[in-house]
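Comments concern the structure below.
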Amino acid sequence: MPDLSTSIRTIPDFPKTGIQFKDITTLLKDPVAFKLCLDEMAKRISGKVDIIIGTESRGFIFGAPLADRLGAGFVPVRKPGKLPAETISEEYALEYGADQLEIHTDAIEKGRRVVIVDDLLATGGTMVATTKLVERLGGQIVLILFLIELEFLQGRERLSDYTVEALIKF
Ligand code: AMP
């Protein structure tokens with residue numbers, strides 16, 4: 001697999017002191033690297049997929065083009081107050097702060113095969129909340145896919161019930 005890690009830069013102390021922020025904008029602006037990234041993500045998805053879930057906001061960047069490539073639908077999981085129709089919500093803790101995520105109650109039909117995509121796995125709190133939302137609606141999670149995994153935070157341990165893939169590990 002091509003080394004995509006060289007397309008990502010680390011910004012120290014953003015947005016808070018002590019956080020080593022992985023900035024993916026350098027990868028996204030490079031058409032070759034961005035395409036390679038989507039190619040590698042698509043390769044990891046096998047079998048029938050009905051829905052790709054992207055978590056606000058960087059999960060959208062990868063989720064929507066992947067859904068298009070795979071002939072699947074795209075469903076956004078969003079921050080509170082953004083989705084206009086009836087929603088369910090889950091609280092979660094971040095590496096820096098706490099928040100809630102929401103999904104439309106009619107976004108996933110029971111038994112649909114779902115792949116969840118996000119840019120980065122840190123503590124896993126965001127993804128655990130997303131899995132709860134999907135499962136409350138009856139979706140079957142076949143894969144959780146990240147561009148980046150921060151292995152030292154051991155977020156993967158909180159997702160041990162699922163198949164988890166990450167293209168780049170730091
Ligand atoms: P977590 O819930 O702790 O796994 O945090 C994951 C979410 O927070 C991802 O959606 C990332 O966009 C963002 N995030 C957390 N830590 C970082 C980091 N060091 N660099 C960039 N984004 C981060």
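Residue numbers start at 1 in each chain; chains themselves are named A, B, ... in the order of the structure tokens; ligands are numbered from 1 in the order shown.
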Pick out the residues sitting within 12 Å of Leu101 (chain A), and hand them over as a ChimeraX atom specification; count only C-alpha atoms, and ignore anything fewer than 2 positions along from it in its own chain. /A:54-57,76-83,87-94,98-99,103-104,125-134
Go ahead and dump the residues you just picked, N, CA, C and O atoms, as a compact mmCIF listing (two decimals), in the first residue's frame.
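Written out: result07.txt:
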# COMPACT_ATOMS: atom_id res chain seq x y z
N GLY A 54 -21.19 8.56 7.53
CA GLY A 54 -20.08 9.47 7.80
C GLY A 54 -20.41 10.32 9.00
O GLY A 54 -21.54 10.80 9.14
N THR A 55 -19.43 10.47 9.91
CA THR A 55 -19.65 11.26 11.12
C THR A 55 -19.15 12.69 10.89
O THR A 55 -18.06 12.89 10.38
N GLU A 56 -19.98 13.67 11.31
CA GLU A 56 -19.64 15.09 11.13
C GLU A 56 -18.30 15.41 11.79
O GLU A 56 -18.07 15.02 12.93
N SER A 57 -17.47 16.17 11.14
CA SER A 57 -17.68 16.60 9.77
C SER A 57 -16.72 15.92 8.80
O SER A 57 -17.01 15.78 7.62
N PRO A 76 -25.60 10.86 6.99
CA PRO A 76 -24.77 11.64 7.91
C PRO A 76 -25.18 11.45 9.37
O PRO A 76 -26.37 11.42 9.67
N VAL A 77 -24.18 11.30 10.23
CA VAL A 77 -24.38 11.40 11.67
C VAL A 77 -23.88 12.78 12.04
O VAL A 77 -22.74 13.13 11.72
N ARG A 78 -24.75 13.60 12.71
CA ARG A 78 -24.43 15.02 12.84
C ARG A 78 -24.43 15.51 14.28
O ARG A 78 -24.97 14.85 15.17
N LYS A 79 -23.83 16.65 14.47
CA LYS A 79 -23.83 17.33 15.78
C LYS A 79 -25.27 17.77 16.08
O LYS A 79 -26.08 17.93 15.16
N PRO A 80 -25.60 18.02 17.36
CA PRO A 80 -26.99 18.31 17.73
C PRO A 80 -27.58 19.52 17.01
O PRO A 80 -26.89 20.51 16.77
N GLY A 81 -28.87 19.40 16.68
CA GLY A 81 -29.61 20.52 16.11
C GLY A 81 -29.42 20.76 14.64
O GLY A 81 -29.93 21.73 14.09
N LYS A 82 -28.69 19.89 13.95
CA LYS A 82 -28.43 20.09 12.52
C LYS A 82 -29.41 19.33 11.63
O LYS A 82 -29.70 19.76 10.52
N LEU A 83 -29.90 18.18 12.11
CA LEU A 83 -30.78 17.35 11.28
C LEU A 83 -32.22 17.81 11.47
O LEU A 83 -32.69 17.94 12.61
N THR A 87 -35.03 12.74 15.22
CA THR A 87 -33.70 12.14 15.43
C THR A 87 -33.66 11.33 16.73
O THR A 87 -34.51 11.51 17.61
N ILE A 88 -32.63 10.48 16.83
CA ILE A 88 -32.23 9.93 18.12
C ILE A 88 -30.81 10.44 18.37
O ILE A 88 -30.10 10.80 17.43
N SER A 89 -30.39 10.48 19.67
CA SER A 89 -29.06 11.03 19.95
C SER A 89 -28.31 10.18 20.97
O SER A 89 -28.91 9.42 21.73
N GLU A 90 -26.99 10.33 20.95
CA GLU A 90 -26.09 9.66 21.91
C GLU A 90 -25.04 10.65 22.34
O GLU A 90 -24.51 11.40 21.51
N GLU A 91 -24.70 10.63 23.64
CA GLU A 91 -23.62 11.48 24.16
C GLU A 91 -22.29 10.76 24.03
O GLU A 91 -22.25 9.54 24.07
N TYR A 92 -21.22 11.53 23.91
CA TYR A 92 -19.90 10.92 23.83
C TYR A 92 -18.84 11.88 24.35
O TYR A 92 -19.05 13.08 24.40
N ALA A 93 -17.68 11.30 24.73
CA ALA A 93 -16.54 12.11 25.19
C ALA A 93 -15.49 12.15 24.09
O ALA A 93 -15.26 11.15 23.42
N LEU A 94 -14.87 13.30 23.89
CA LEU A 94 -13.80 13.47 22.90
C LEU A 94 -12.44 13.45 23.57
O LEU A 94 -12.34 13.57 24.79
N ALA A 98 -16.61 17.18 25.24
CA ALA A 98 -17.72 16.23 25.17
C ALA A 98 -18.79 16.79 24.25
O ALA A 98 -18.89 18.00 24.07
N ASP A 99 -19.58 15.89 23.66
CA ASP A 99 -20.60 16.36 22.71
C ASP A 99 -21.67 15.29 22.53
O ASP A 99 -21.67 14.27 23.21
N ILE A 103 -28.82 11.11 14.59
CA ILE A 103 -29.12 10.51 13.28
C ILE A 103 -30.63 10.58 13.08
O ILE A 103 -31.40 10.54 14.07
N HIS A 104 -31.07 10.72 11.86
CA HIS A 104 -32.51 10.67 11.58
C HIS A 104 -33.04 9.27 11.89
O HIS A 104 -32.42 8.27 11.52
N GLY A 125 -14.48 7.40 21.44
CA GLY A 125 -15.78 7.87 21.95
C GLY A 125 -16.76 8.23 20.84
O GLY A 125 -17.95 7.87 20.90
N THR A 126 -16.28 8.94 19.84
CA THR A 126 -17.15 9.34 18.72
C THR A 126 -17.70 8.11 18.01
O THR A 126 -18.89 8.05 17.68
N MET A 127 -16.82 7.13 17.80
CA MET A 127 -17.25 5.95 17.04
C MET A 127 -18.18 5.06 17.86
O MET A 127 -19.14 4.50 17.32
N VAL A 128 -17.92 4.95 19.16
CA VAL A 128 -18.84 4.15 20.00
C VAL A 128 -20.25 4.75 19.93
O VAL A 128 -21.24 4.03 19.76
N ALA A 129 -20.35 6.08 20.05
CA ALA A 129 -21.66 6.74 19.96
C ALA A 129 -22.31 6.47 18.60
O ALA A 129 -23.51 6.21 18.52
N THR A 130 -21.51 6.52 17.55
CA THR A 130 -22.04 6.28 16.20
C THR A 130 -22.55 4.84 16.06
O THR A 130 -23.63 4.61 15.51
N THR A 131 -21.80 3.88 16.60
CA THR A 131 -22.25 2.48 16.52
C THR A 131 -23.57 2.30 17.27
O THR A 131 -24.45 1.56 16.81
N LYS A 132 -23.72 3.00 18.41
CA LYS A 132 -24.97 2.88 19.17
C LYS A 132 -26.15 3.41 18.38
O LYS A 132 -27.24 2.81 18.37
N LEU A 133 -25.94 4.55 17.71
CA LEU A 133 -27.02 5.13 16.90
C LEU A 133 -27.43 4.16 15.79
O LEU A 133 -28.62 3.93 15.56
N VAL A 134 -26.44 3.60 15.10
CA VAL A 134 -26.72 2.69 13.98
C VAL A 134 -27.46 1.45 14.49
O VAL A 134 -28.46 1.01 13.89
Per residue of chain A within 10 Å of ligand 1, what are the shortest atom pair and its distance in Å to one decimal, counting only C-alpha atoms and all ligand atoms, with rows by chain and residue number, as CSV?
residue,atom,partner,partner_atom_place_in_ligand_line,distance
A:Arg9,CA,ligand 1,20 (N),9.8
A:Thr10,CA,ligand 1,20 (N),7.8
A:Ile11,CA,ligand 1,20 (N),8.3
A:Pro12,CA,ligand 1,19 (N),9.1
A:Asp13,CA,ligand 1,19 (N),9.4
A:Phe14,CA,ligand 1,20 (N),8.2
A:Pro15,CA,ligand 1,20 (N),9.0
A:Gly18,CA,ligand 1,19 (N),9.4
A:Ile19,CA,ligand 1,19 (N),5.7
A:Gln20,CA,ligand 1,19 (N),5.0
A:Phe21,CA,ligand 1,20 (N),3.5
A:Lys22,CA,ligand 1,20 (N),3.9
A:Asp23,CA,ligand 1,21 (C),6.2
A:Ile24,CA,ligand 1,21 (C),8.0
A:Gly54,CA,ligand 1,10 (O),9.7
A:Thr55,CA,ligand 1,10 (O),7.0
A:Glu56,CA,ligand 1,10 (O),7.3
A:Ser57,CA,ligand 1,10 (O),7.4
A:Arg58,CA,ligand 1,12 (O),6.1
A:Gly59,CA,ligand 1,10 (O),7.0
A:Tyr92,CA,ligand 1,2 (O),7.3
A:Ala93,CA,ligand 1,2 (O),6.3
A:Leu94,CA,ligand 1,3 (O),4.4
A:Glu95,CA,ligand 1,3 (O),4.3
A:Tyr96,CA,ligand 1,15 (C),7.2
A:Gly97,CA,ligand 1,3 (O),9.2
A:Ala98,CA,ligand 1,2 (O),9.0
A:Asp99,CA,ligand 1,2 (O),9.6
A:Val117,CA,ligand 1,10 (O),9.6
A:Asp118,CA,ligand 1,10 (O),6.0
A:Asp119,CA,ligand 1,12 (O),5.7
A:Leu120,CA,ligand 1,9 (C),4.7
A:Leu121,CA,ligand 1,4 (O),4.3
A:Ala122,CA,ligand 1,4 (O),3.4
A:Thr123,CA,ligand 1,3 (O),3.5
A:Gly124,CA,ligand 1,4 (O),3.4
A:Gly125,CA,ligand 1,2 (O),3.7
A:Thr126,CA,ligand 1,2 (O),3.6
A:Met127,CA,ligand 1,2 (O),6.1
A:Val128,CA,ligand 1,2 (O),7.9
A:Ala129,CA,ligand 1,2 (O),8.6
A:Thr130,CA,ligand 1,2 (O),9.8
A:Phe146,CA,ligand 1,9 (C),9.2
A:Ile148,CA,ligand 1,21 (C),8.8
A:Glu149,CA,ligand 1,4 (O),8.7
A:Leu150,CA,ligand 1,19 (N),7.5
A:Leu153,CA,ligand 1,3 (O),8.2
A:Gln154,CA,ligand 1,4 (O),9.3
A:Gly155,CA,ligand 1,4 (O),6.3
A:Arg156,CA,ligand 1,4 (O),9.0
A:Arg158,CA,ligand 1,4 (O),9.8
When DSSP is applied to the backbone of this structure, which of chain A are assigned helix (DSSP H, G or I)? Write them out as a PyMOL selection string. chain A and resi 5-7+25-28+31-43+58-70+125-136+151-153+155-159
Which of these, A:Ile168, A:Leu66, A:Ile45, A:Val75, has the shortest distance to Ile144 (chain A) once you count only C-alpha atoms?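 So, comparing all the options, the nearest one is A:Ile45.
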Run DSSP on the backbone and grab whatever in chain A lands in strand (DSSP E); send it over as a PyMOL selection string. chain A and resi 9-12+20-23+51-55+73-77+87-93+98-104+113-121+140-149+164-169
Counting only C-alpha atoms, figure out which residue out of A:Met41, A:Ala107, A:Leu36, A:Ala72 gets nearest to Glu165 (chain A). A:Met41
